[in-house]
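Student: One file is attached below, entry.cif, containing mmCIF, C-alpha atoms.
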data_input
#
loop_
_atom_site.label_atom_id
_atom_site.label_comp_id
_atom_site.auth_asym_id
_atom_site.auth_seq_id
_atom_site.Cartn_x
_atom_site.Cartn_y
_atom_site.Cartn_z
CA MET C 178 45.19 39.19 -20.61
CA PRO C 179 43.42 37.44 -17.70
CA THR C 180 40.19 35.62 -18.45
CA GLN C 181 36.80 37.05 -17.58
CA GLU C 182 36.34 34.20 -15.13
CA HIS C 183 39.62 35.01 -13.39
CA MET C 184 38.83 38.71 -13.03
CA LYS C 185 35.39 38.02 -11.59
CA GLN C 186 36.84 35.49 -9.14
CA VAL C 187 39.34 38.11 -7.96
CA LEU C 188 36.58 40.67 -7.35
CA GLN C 189 34.57 38.08 -5.40
CA ALA C 190 37.73 37.13 -3.45
CA TYR C 191 38.18 40.83 -2.66
CA ILE C 192 34.69 41.02 -1.15
CA ASP C 193 35.14 37.77 0.77
CA ALA C 194 38.60 38.67 2.13
CA PHE C 195 37.35 42.09 3.20
CA ASN C 196 34.43 40.60 5.09
CA ALA C 197 36.76 38.01 6.66
CA GLY C 198 38.90 40.89 7.92
CA ASP C 199 41.95 39.69 5.99
CA ALA C 200 43.80 42.79 4.75
CA ALA C 201 46.82 40.69 3.72
CA ALA C 202 44.65 38.52 1.46
CA ILE C 203 43.15 41.61 -0.22
CA THR C 204 46.63 43.08 -0.69
CA GLY C 205 47.79 39.85 -2.29
CA LEU C 206 45.26 40.38 -5.08
CA TYR C 207 47.19 43.51 -6.09
CA ALA C 208 50.43 43.81 -8.07
CA GLU C 209 53.46 45.09 -6.11
CA ASP C 210 53.24 48.56 -7.67
CA ALA C 211 49.45 48.77 -7.91
CA VAL C 212 47.61 52.09 -7.65
CA VAL C 213 44.43 52.58 -5.61
CA GLU C 214 42.28 55.72 -5.97
CA ASP C 215 39.52 55.39 -3.36
CA PRO C 216 37.54 57.50 -3.84
CA VAL C 217 38.26 58.82 -7.34
CA GLY C 218 39.49 62.40 -6.94
CA ASN C 219 41.46 61.75 -3.75
CA PRO C 220 45.25 61.18 -3.66
CA GLN C 221 46.30 57.77 -4.96
CA LEU C 222 47.86 55.03 -2.88
CA VAL C 223 50.80 53.35 -4.62
CA GLY C 224 52.29 49.97 -3.73
CA ARG C 225 51.31 47.10 -1.50
CA ALA C 226 52.50 48.61 1.81
CA ALA C 227 50.22 51.65 1.43
CA ILE C 228 47.41 49.44 0.15
CA GLU C 229 47.58 47.02 3.07
CA GLU C 230 47.58 49.92 5.54
CA PHE C 231 44.45 51.33 3.85
CA TYR C 232 42.52 48.04 4.06
CA THR C 233 43.70 47.36 7.61
CA GLY C 234 42.18 50.69 8.60
CA ALA C 235 38.93 50.09 6.74
CA ILE C 236 38.51 46.66 8.31
CA ALA C 237 39.34 48.00 11.78
CA GLY C 238 36.55 50.55 11.27
CA GLY C 239 34.06 47.72 11.06
CA ALA C 240 33.18 48.02 7.37
CA LYS C 241 31.38 45.13 5.65
CA LEU C 242 30.77 44.86 1.92
CA GLY C 243 27.70 43.54 0.10
CA LEU C 244 27.42 43.19 -3.68
CA ASP C 245 24.47 45.04 -5.24
CA GLY C 246 24.36 42.72 -8.25
CA PRO C 247 26.48 40.53 -10.49
CA ILE C 248 30.13 41.48 -11.01
CA ARG C 249 30.69 42.76 -14.55
CA GLY C 250 33.60 41.95 -16.84
CA SER C 251 34.59 43.61 -20.11
CA HIS C 252 36.12 42.74 -23.46
CA GLY C 253 39.47 43.87 -22.08
CA ASP C 254 41.47 43.94 -18.86
CA ARG C 255 38.86 45.44 -16.55
CA ALA C 256 36.06 44.27 -14.29
CA ALA C 257 33.63 46.28 -12.17
CA MET C 258 31.17 45.86 -9.32
CA ALA C 259 28.50 47.89 -7.54
CA PHE C 260 28.35 47.31 -3.80
CA THR C 261 27.29 48.74 -0.48
CA ILE C 262 29.65 49.35 2.43
CA ASP C 263 28.07 49.18 5.86
CA VAL C 264 30.10 50.80 8.59
CA PRO C 265 28.59 51.22 12.06
CA GLY C 266 26.31 54.25 11.67
CA LEU C 267 26.99 54.76 7.97
CA ARG C 268 26.16 53.25 4.59
CA ILE C 269 28.26 54.05 1.50
CA ARG C 270 27.29 53.03 -2.04
CA ALA C 271 30.27 52.50 -4.34
CA ILE C 272 31.25 51.19 -7.75
CA ASP C 273 34.80 49.85 -8.05
CA VAL C 274 36.61 49.29 -11.34
CA MET C 275 39.67 47.01 -11.28
CA THR C 276 42.26 46.93 -14.06
CA PHE C 277 44.36 43.76 -14.36
CA GLY C 278 47.89 42.99 -15.46
CA ALA C 279 48.85 40.05 -17.65
CA ASP C 280 49.76 38.02 -14.53
CA GLY C 281 46.20 38.31 -13.20
CA LYS C 282 46.97 40.78 -10.43
CA ILE C 283 45.08 44.06 -10.00
CA VAL C 284 47.23 46.95 -11.23
CA ARG C 285 44.70 49.71 -10.61
CA MET C 286 41.53 50.19 -8.59
CA ASP C 287 39.19 53.17 -8.98
CA ALA C 288 36.43 53.54 -6.39
CA HIS C 289 33.48 55.70 -7.41
CA TRP C 290 31.64 57.17 -4.45
CA GLY C 291 31.05 60.74 -3.48
CA PRO C 292 29.94 62.79 -0.50
CA ASP C 293 26.31 62.23 -1.53
CA ASP C 294 26.71 58.46 -1.58
CA ILE C 295 26.99 58.27 2.21
CA GLU C 296 23.93 58.04 4.42
CA LYS C 297 23.53 57.68 8.17
CA THR C 298 22.01 54.40 9.33
CA MET H 289 34.62 70.59 -12.11
CA PRO H 290 30.90 69.79 -12.38
CA THR H 291 28.98 69.21 -9.16
CA GLN H 292 28.01 65.76 -7.96
CA GLU H 293 24.38 66.72 -8.45
CA HIS H 294 25.00 67.72 -12.06
CA MET H 295 26.84 64.51 -12.93
CA LYS H 296 24.13 62.33 -11.41
CA GLN H 297 21.44 64.28 -13.27
CA VAL H 298 23.29 63.69 -16.54
CA LEU H 299 23.49 59.94 -15.92
CA GLN H 300 19.77 59.85 -15.13
CA ALA H 301 19.07 61.94 -18.26
CA TYR H 302 21.10 59.41 -20.26
CA ILE H 303 18.89 56.55 -19.04
CA ASP H 304 15.70 58.53 -19.64
CA ALA H 305 16.70 59.71 -23.14
CA PHE H 306 17.71 56.19 -24.11
CA ASN H 307 14.39 54.76 -22.99
CA ALA H 308 12.58 57.58 -24.81
CA GLY H 309 14.41 56.57 -28.00
CA ASP H 310 16.10 59.96 -28.31
CA ALA H 311 19.63 59.38 -29.64
CA ALA H 312 20.12 63.11 -30.27
CA ALA H 313 19.38 63.92 -26.63
CA ILE H 314 21.90 61.32 -25.45
CA THR H 315 24.49 62.67 -27.88
CA GLY H 316 23.92 66.17 -26.56
CA LEU H 317 25.14 65.03 -23.14
CA TYR H 318 28.57 64.41 -24.68
CA ALA H 319 31.31 66.89 -25.56
CA GLU H 320 32.01 67.34 -29.29
CA ASP H 321 35.20 65.26 -29.15
CA ALA H 322 34.02 62.74 -26.56
CA VAL H 323 35.29 59.16 -26.52
CA VAL H 324 33.03 56.13 -25.98
CA GLU H 325 34.49 52.67 -25.28
CA ASP H 326 31.48 50.31 -25.15
CA PRO H 327 32.40 47.68 -24.17
CA VAL H 328 35.84 48.31 -22.65
CA GLY H 329 38.36 46.48 -24.85
CA ASN H 330 36.58 47.23 -28.12
CA PRO H 331 37.62 50.05 -30.50
CA GLN H 332 36.68 53.52 -29.27
CA LEU H 333 34.13 55.80 -30.87
CA VAL H 334 35.32 59.40 -31.12
CA GLY H 335 33.12 62.44 -31.66
CA ARG H 336 29.42 63.13 -31.66
CA ALA H 337 28.67 61.82 -35.16
CA ALA H 338 30.00 58.35 -34.34
CA ILE H 339 28.35 58.46 -30.93
CA GLU H 340 24.92 59.36 -32.29
CA GLU H 341 25.16 56.58 -34.87
CA PHE H 342 25.98 54.12 -32.08
CA TYR H 343 22.98 55.09 -29.94
CA THR H 344 20.65 55.24 -32.94
CA GLY H 345 21.55 51.62 -33.64
CA ALA H 346 21.16 50.51 -30.04
CA ILE H 347 17.75 52.16 -29.77
CA ALA H 348 16.63 50.68 -33.11
CA GLY H 349 17.54 47.26 -31.71
CA GLY H 350 14.89 47.70 -29.03
CA ALA H 351 17.20 48.05 -26.02
CA LYS H 352 15.78 49.45 -22.77
CA LEU H 353 17.85 50.38 -19.72
CA GLY H 354 17.01 49.89 -16.05
CA LEU H 355 19.19 51.12 -13.17
CA ASP H 356 20.28 48.41 -10.73
CA GLY H 357 20.72 50.88 -7.87
CA PRO H 358 21.60 54.47 -7.07
CA ILE H 359 23.96 56.33 -9.41
CA ARG H 360 27.34 56.88 -7.76
CA GLY H 361 29.46 60.04 -7.87
CA SER H 362 33.07 60.52 -6.80
CA HIS H 363 35.31 63.15 -5.24
CA GLY H 364 36.40 64.10 -8.76
CA ASP H 365 35.09 64.36 -12.30
CA ARG H 366 33.53 60.90 -12.61
CA ALA H 367 30.21 59.22 -11.94
CA ALA H 368 29.16 55.59 -12.41
CA MET H 369 26.06 53.43 -12.61
CA ALA H 370 25.18 49.74 -12.68
CA PHE H 371 22.27 48.88 -14.96
CA THR H 372 20.60 46.17 -16.97
CA ILE H 373 19.99 46.37 -20.72
CA ASP H 374 16.99 44.42 -21.96
CA VAL H 375 17.01 43.74 -25.68
CA PRO H 376 14.39 41.41 -27.16
CA GLY H 377 15.76 37.94 -26.32
CA LEU H 378 18.79 39.18 -24.39
CA ARG H 379 19.74 40.72 -21.09
CA ILE H 380 23.09 42.47 -20.61
CA ARG H 381 24.40 43.66 -17.24
CA ALA H 382 26.72 46.66 -17.48
CA ILE H 383 28.50 49.26 -15.39
CA ASP H 384 29.20 52.59 -17.12
CA VAL H 385 31.70 55.16 -15.90
CA MET H 386 31.35 58.70 -17.23
CA THR H 387 34.14 61.30 -17.02
CA PHE H 388 33.10 64.95 -17.23
CA GLY H 389 34.68 68.10 -18.56
CA ALA H 390 34.59 71.46 -16.81
CA ASP H 391 31.57 72.49 -18.91
CA GLY H 392 29.52 69.60 -17.55
CA LYS H 393 29.58 67.50 -20.73
CA ILE H 394 30.68 63.86 -20.77
CA VAL H 395 34.18 63.62 -22.25
CA ARG H 396 34.59 59.86 -21.85
CA MET H 397 32.36 56.84 -21.29
CA ASP H 398 33.63 53.39 -20.40
CA ALA H 399 31.10 50.54 -20.46
CA HIS H 400 32.05 47.44 -18.48
CA TRP H 401 30.33 44.30 -19.73
CA GLY H 402 31.78 41.14 -21.13
CA PRO H 403 30.69 38.06 -23.05
CA ASP H 404 29.63 36.43 -19.77
CA ASP H 405 27.38 39.35 -18.83
CA ILE H 406 24.86 38.50 -21.55
CA GLU H 407 22.08 36.00 -20.96
CA LYS H 408 19.22 34.84 -23.14
CA THR H 409 15.76 35.80 -21.93
#
Since I need it in another form, could you write the structure as C-alpha coordinates?
Tutor:
Amino acid sequence: MPTQEHMKQVLQAYIDAFNAGDAAAITGLYAEDAVVEDPVGNPQLVGRAAIEEFYTGAIAGGAKLGLDGPIRGSHGDRAAMAFTIDVPGLRIRAIDVMTFGADGKIVRMDAHWGPDDIEKT
Amino acid sequence: MPTQEHMKQVLQAYIDAFNAGDAAAITGLYAEDAVVEDPVGNPQLVGRAAIEEFYTGAIAGGAKLGLDGPIRGSHGDRAAMAFTIDVPGLRIRAIDVMTFGADGKIVRMDAHWGPDDIEKT
(Lines of atoms letter the chains of each structure in order from A and count residues from 1; the text may use other names and numbers.)
(Lines give C-alpha, C1' and ligand atoms only; values in the text may rest on other atoms or scores of the structure.)
Protein backbone atom coordinates (compact mmCIF):
# COMPACT_ATOMS: atom_id res chain seq x y z
CA MET A 1 0.00 0.00 0.00
CA PRO A 2 1.40 3.46 -0.83
CA THR A 3 2.43 5.67 2.06
CA GLN A 4 0.30 8.56 3.28
CA GLU A 5 3.06 10.91 2.17
CA HIS A 6 3.06 9.45 -1.34
CA MET A 7 -0.71 9.72 -1.74
CA LYS A 8 -0.76 13.33 -0.58
CA GLN A 9 2.10 14.21 -2.93
CA VAL A 10 0.15 12.70 -5.83
CA LEU A 11 -2.95 14.78 -5.00
CA GLN A 12 -0.82 17.93 -4.80
CA ALA A 13 0.88 16.96 -8.10
CA TYR A 14 -2.60 16.58 -9.61
CA ILE A 15 -3.52 20.14 -8.62
CA ASP A 16 -0.19 21.53 -9.82
CA ALA A 17 -0.25 19.68 -13.17
CA PHE A 18 -3.83 20.79 -13.77
CA ASN A 19 -2.97 24.42 -13.14
CA ALA A 20 0.12 24.08 -15.37
CA GLY A 21 -2.16 22.85 -18.15
CA ASP A 22 -0.38 19.51 -18.38
CA ALA A 23 -3.02 16.85 -19.10
CA ALA A 24 -0.34 14.24 -19.84
CA ALA A 25 1.23 14.74 -16.40
CA ILE A 26 -2.18 14.31 -14.70
CA THR A 27 -2.85 11.18 -16.76
CA GLY A 28 0.51 9.76 -15.72
CA LEU A 29 -0.66 9.78 -12.10
CA TYR A 30 -3.30 7.21 -13.06
CA ALA A 31 -2.95 3.47 -13.62
CA GLU A 32 -3.45 2.26 -17.22
CA ASP A 33 -6.93 0.89 -16.47
CA ALA A 34 -7.99 3.56 -13.96
CA VAL A 35 -11.62 4.60 -13.56
CA VAL A 36 -12.75 8.23 -13.23
CA GLU A 37 -16.30 9.12 -12.13
CA ASP A 38 -16.51 12.93 -12.35
CA PRO A 39 -19.02 13.78 -11.10
CA VAL A 40 -20.26 10.79 -9.10
CA GLY A 41 -23.46 9.59 -10.77
CA ASN A 42 -22.28 10.27 -14.33
CA PRO A 43 -20.88 7.57 -16.66
CA GLN A 44 -17.37 6.46 -15.76
CA LEU A 45 -14.28 7.05 -17.85
CA VAL A 46 -12.05 3.98 -18.08
CA GLY A 47 -8.40 3.94 -19.12
CA ARG A 48 -5.74 6.55 -19.74
CA ALA A 49 -6.84 7.57 -23.25
CA ALA A 50 -10.32 8.57 -22.05
CA ILE A 51 -8.85 10.18 -18.95
CA GLU A 52 -6.35 12.30 -20.88
CA GLU A 53 -9.10 13.46 -23.25
CA PHE A 54 -11.22 14.50 -20.25
CA TYR A 55 -8.44 16.58 -18.66
CA THR A 56 -7.41 18.08 -21.98
CA GLY A 57 -10.96 19.36 -22.35
CA ALA A 58 -11.16 20.68 -18.81
CA ILE A 59 -7.86 22.53 -19.16
CA ALA A 60 -8.88 23.95 -22.56
CA GLY A 61 -12.00 25.32 -20.86
CA GLY A 62 -9.80 27.48 -18.67
CA ALA A 63 -10.40 25.71 -15.35
CA LYS A 64 -8.04 26.38 -12.43
CA LEU A 65 -8.04 24.48 -9.15
CA GLY A 66 -7.49 25.80 -5.63
CA LEU A 67 -7.33 23.63 -2.51
CA ASP A 68 -9.84 24.55 0.21
CA GLY A 69 -7.70 23.05 2.96
CA PRO A 70 -5.17 20.34 3.72
CA ILE A 71 -5.29 17.13 1.69
CA ARG A 72 -6.53 14.22 3.82
CA GLY A 73 -5.15 10.69 3.88
CA SER A 74 -6.66 7.60 5.49
CA HIS A 75 -5.58 4.41 7.24
CA GLY A 76 -5.88 2.62 3.91
CA ASP A 77 -5.40 3.19 0.19
CA ARG A 78 -7.38 6.41 -0.20
CA ALA A 79 -6.79 10.14 0.02
CA ALA A 80 -9.22 13.03 -0.42
CA MET A 81 -9.27 16.78 -1.00
CA ALA A 82 -11.79 19.61 -1.02
CA PHE A 83 -11.14 22.23 -3.68
CA THR A 84 -12.67 24.95 -5.80
CA ILE A 85 -12.65 24.96 -9.60
CA ASP A 86 -12.72 28.39 -11.20
CA VAL A 87 -13.77 28.39 -14.83
CA PRO A 88 -14.40 31.69 -16.61
CA GLY A 89 -17.87 32.69 -15.39
CA LEU A 90 -18.33 29.72 -13.07
CA ARG A 91 -17.16 28.39 -9.72
CA ILE A 92 -17.56 24.70 -8.81
CA ARG A 93 -16.90 23.30 -5.34
CA ALA A 94 -15.79 19.66 -5.34
CA ILE A 95 -14.40 16.92 -3.13
CA ASP A 96 -12.31 14.27 -4.90
CA VAL A 97 -11.47 10.88 -3.42
CA MET A 98 -8.56 8.97 -4.99
CA THR A 99 -7.99 5.25 -4.47
CA PHE A 100 -4.44 3.96 -5.02
CA GLY A 101 -2.94 0.72 -6.25
CA ALA A 102 0.07 -0.97 -4.69
CA ASP A 103 2.35 0.67 -7.30
CA GLY A 104 1.32 4.15 -6.14
CA LYS A 105 -0.84 4.99 -9.16
CA ILE A 106 -4.44 6.19 -8.85
CA VAL A 107 -6.81 3.35 -9.73
CA ARG A 108 -10.04 5.23 -9.10
CA MET A 109 -11.16 8.83 -8.74
CA ASP A 110 -14.59 9.88 -7.48
CA ALA A 111 -15.49 13.57 -7.79
CA HIS A 112 -18.29 14.80 -5.54
CA TRP A 113 -20.03 17.86 -6.89
CA GLY A 114 -23.62 18.39 -7.87
CA PRO A 115 -25.76 20.84 -9.79
CA ASP A 116 -26.07 22.97 -6.65
CA ASP A 117 -22.30 23.21 -6.23
CA ILE A 118 -21.93 25.48 -9.26
CA GLU A 119 -22.33 29.23 -9.01
CA LYS A 120 -21.95 32.00 -11.55
CA THR A 121 -19.05 34.38 -10.94
CA MET B 1 -32.69 8.66 -5.16
CA PRO B 2 -32.75 11.40 -2.50
CA THR B 3 -32.51 15.00 -3.66
CA GLN B 4 -29.32 17.02 -3.39
CA GLU B 5 -31.09 19.28 -0.92
CA HIS B 6 -32.04 16.34 1.29
CA MET B 7 -28.52 14.88 1.34
CA LYS B 8 -26.95 18.21 2.24
CA GLN B 9 -29.51 18.74 5.01
CA VAL B 10 -28.63 15.34 6.45
CA LEU B 11 -24.91 16.15 6.48
CA GLN B 12 -25.63 19.46 8.22
CA ALA B 13 -27.92 17.65 10.69
CA TYR B 14 -25.07 15.22 11.37
CA ILE B 15 -22.74 18.09 12.30
CA ASP B 16 -25.39 19.79 14.42
CA ALA B 17 -26.43 16.61 16.26
CA PHE B 18 -22.80 15.76 16.96
CA ASN B 19 -22.12 19.18 18.42
CA ALA B 20 -25.33 18.94 20.47
CA GLY B 21 -24.04 15.67 21.93
CA ASP B 22 -26.97 13.69 20.54
CA ALA B 23 -25.66 10.27 19.46
CA ALA B 24 -29.20 8.94 19.01
CA ALA B 25 -30.04 11.71 16.56
CA ILE B 26 -26.91 10.98 14.52
CA THR B 27 -27.72 7.27 14.53
CA GLY B 28 -31.22 8.03 13.29
CA LEU B 29 -29.73 9.49 10.11
CA TYR B 30 -28.41 6.02 9.25
CA ALA B 31 -30.24 3.02 7.80
CA GLU B 32 -30.64 0.02 10.13
CA ASP B 33 -27.90 -1.96 8.39
CA ALA B 34 -25.63 0.97 7.57
CA VAL B 35 -21.85 0.59 7.35
CA VAL B 36 -19.39 3.08 8.85
CA GLU B 37 -15.67 2.97 7.98
CA ASP B 38 -14.04 5.66 10.15
CA PRO B 39 -11.23 6.00 9.27
CA VAL B 40 -11.04 4.31 5.86
CA GLY B 41 -8.76 1.28 6.27
CA ASN B 42 -9.99 0.38 9.76
CA PRO B 43 -12.58 -2.35 10.46
CA GLN B 44 -16.13 -1.38 9.52
CA LEU B 45 -18.98 -0.84 11.95
CA VAL B 46 -22.23 -2.44 10.79
CA GLY B 47 -25.69 -1.60 12.07
CA ARG B 48 -27.19 1.08 14.26
CA ALA B 49 -26.19 -0.43 17.62
CA ALA B 50 -22.49 -0.37 16.74
CA ILE B 51 -22.86 3.05 15.15
CA GLU B 52 -24.55 4.61 18.18
CA GLU B 53 -21.86 3.18 20.47
CA PHE B 54 -19.19 4.73 18.24
CA TYR B 55 -20.74 8.22 18.32
CA THR B 56 -21.50 8.00 22.03
CA GLY B 57 -17.80 7.42 22.62
CA ALA B 58 -16.69 10.21 20.29
CA ILE B 59 -19.05 12.69 21.94
CA ALA B 60 -17.96 11.59 25.43
CA GLY B 61 -14.38 12.33 24.36
CA GLY B 62 -15.31 15.97 23.90
CA ALA B 63 -15.05 16.14 20.10
CA LYS B 64 -16.62 19.09 18.28
CA LEU B 65 -16.98 19.37 14.50
CA GLY B 66 -16.57 22.43 12.30
CA LEU B 67 -17.19 22.47 8.54
CA ASP B 68 -14.23 23.64 6.45
CA GLY B 69 -16.45 24.78 3.58
CA PRO B 70 -19.73 24.09 1.82
CA ILE B 71 -21.09 20.54 1.82
CA ARG B 72 -20.82 18.99 -1.64
CA GLY B 73 -23.42 16.85 -3.41
CA SER B 74 -23.05 14.77 -6.56
CA HIS B 75 -25.07 13.70 -9.59
CA GLY B 76 -25.87 10.47 -7.74
CA ASP B 77 -26.52 9.13 -4.26
CA ARG B 78 -23.50 10.62 -2.47
CA ALA B 79 -22.58 13.79 -0.62
CA ALA B 80 -19.30 14.83 0.99
CA MET B 81 -17.89 17.34 3.44
CA ALA B 82 -14.49 18.51 4.66
CA PHE B 83 -14.38 19.35 8.36
CA THR B 84 -12.18 19.71 11.39
CA ILE B 85 -12.63 17.72 14.60
CA ASP B 86 -11.43 19.46 17.74
CA VAL B 87 -10.88 17.15 20.68
CA PRO B 88 -9.24 18.50 23.84
CA GLY B 89 -5.53 18.55 22.93
CA LEU B 90 -6.00 17.33 19.35
CA ARG B 91 -7.19 18.52 15.98
CA ILE B 92 -8.13 16.05 13.24
CA ARG B 93 -8.89 17.07 9.65
CA ALA B 94 -11.31 14.73 7.88
CA ILE B 95 -13.38 14.34 4.74
CA ASP B 96 -16.51 12.21 5.07
CA VAL B 97 -18.42 10.73 2.14
CA MET B 98 -22.00 9.60 2.78
CA THR B 99 -23.89 7.25 0.45
CA PHE B 100 -27.69 7.35 0.65
CA GLY B 101 -30.45 4.83 0.15
CA ALA B 102 -33.69 5.52 -1.70
CA ASP B 103 -35.43 6.27 1.62
CA GLY B 104 -33.03 9.13 2.35
CA LYS B 105 -31.07 7.35 5.08
CA ILE B 106 -27.28 7.04 5.04
CA VAL B 107 -26.31 3.50 4.03
CA ARG B 108 -22.54 4.02 4.09
CA MET B 109 -20.08 6.51 5.57
CA ASP B 110 -16.41 6.64 4.67
CA ALA B 111 -14.20 8.93 6.77
CA HIS B 112 -10.90 9.97 5.19
CA TRP B 113 -8.27 10.92 7.74
CA GLY B 114 -4.91 9.42 8.44
CA PRO B 115 -2.21 9.45 11.09
CA ASP B 116 -0.76 12.61 9.53
CA ASP B 117 -4.07 14.46 9.73
CA ILE B 118 -3.90 14.72 13.51
CA GLU B 119 -2.06 17.56 15.22
CA LYS B 120 -1.63 18.47 18.86
CA THR B 121 -3.30 21.70 19.94
Student: At a cut-off of 8 Å, which residues of chain H touch chain C? Count only C-alpha atoms and give the answer as a PyMOL selection string.
Tutor: chain H and resi 292+327-330+356-358+360-370+381-383+399-405
Student: Near H:Gln300, counting only C-alpha atoms, which residues have an atom at most 10 Å away, once you skip same-chain residues fewer than 3 positions from it, shown as an MDAnalysis selection string?
Tutor: chainID H and resid 294:297 303:306 355 358:359 369
Student: Go through C:Val213, C:Val264, C:Leu222, C:Ala201 and flag the residue nearest C:Gly238, using all atoms listed in the file for the distances.
Tutor: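 Result for the nearest residue to C:Gly238: C:Val264.
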Student: One decimal, in Å: what's the spacing between atom CA of H:Ile339 and atom CA of H:Gly377?
Tutor: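 These two atoms are separated by 24.5 Å.
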Student: Taking only C-alpha atoms into account, which of H:Asp374, H:Asp310, H:Glu340, H:Asp321 comes nearest H:Glu407?
Tutor: H:Asp374
Student: Expressed in Å to a single decimal, how great is the separation between atom CA of C:Thr180 and atom CA of C:Arg285?
Tutor: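 Separation of atom CA of C:Thr180 and atom CA of C:Arg285: 16.7 Å.
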Student: Which residues would end up in the selection if the PyMOL selection byres ((chain H and resi 388) around 9) were applied here, given that I need the answer as a ChimeraX atom specification?
Tutor: /H:289-290,295,318-319,365-367,386-387,389-396
Student: Name the residues that the PyMOL selection byres ((chain H and resi 353) around 6) pulls out of this structure, and write them as a PyMOL selection string.
Tutor: chain H and resi 352+354+372-373
Student: Of the candidates C:Thr233, C:Ala200, C:Leu267, C:Ala226, which one gets nearest to C:Val212 if we count only C-alpha atoms?
Tutor: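 Distance minimum relative to C:Val212 lands on C:Ala226.
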Student: To one decimal place in Å, what is the distance between atom CA of H:Gly345 and atom CA of H:Thr315?
Tutor: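 If I compute the distance from atom CA of H:Gly345 to atom CA of H:Thr315, I get 12.8 Å.
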Student: Have a look at H:Ile406, H:Arg336, H:Gly350, H:Phe342 and name the one nearest to H:Ala308; count all atoms listed in the file.
Tutor: H:Gly350
Student: Could you give me the axis-aligned bounding box of stretch 255-263 of chain C, with 5 Å of padding per side, as centre plus edge lengths in Å to one decimal, as lines of an AutoDock Vina configuration file?
Tutor:
center_x = 33.1
center_y = 46.8
center_z = -5.3
size_x = 21.6
size_y = 15.1
size_z = 32.4
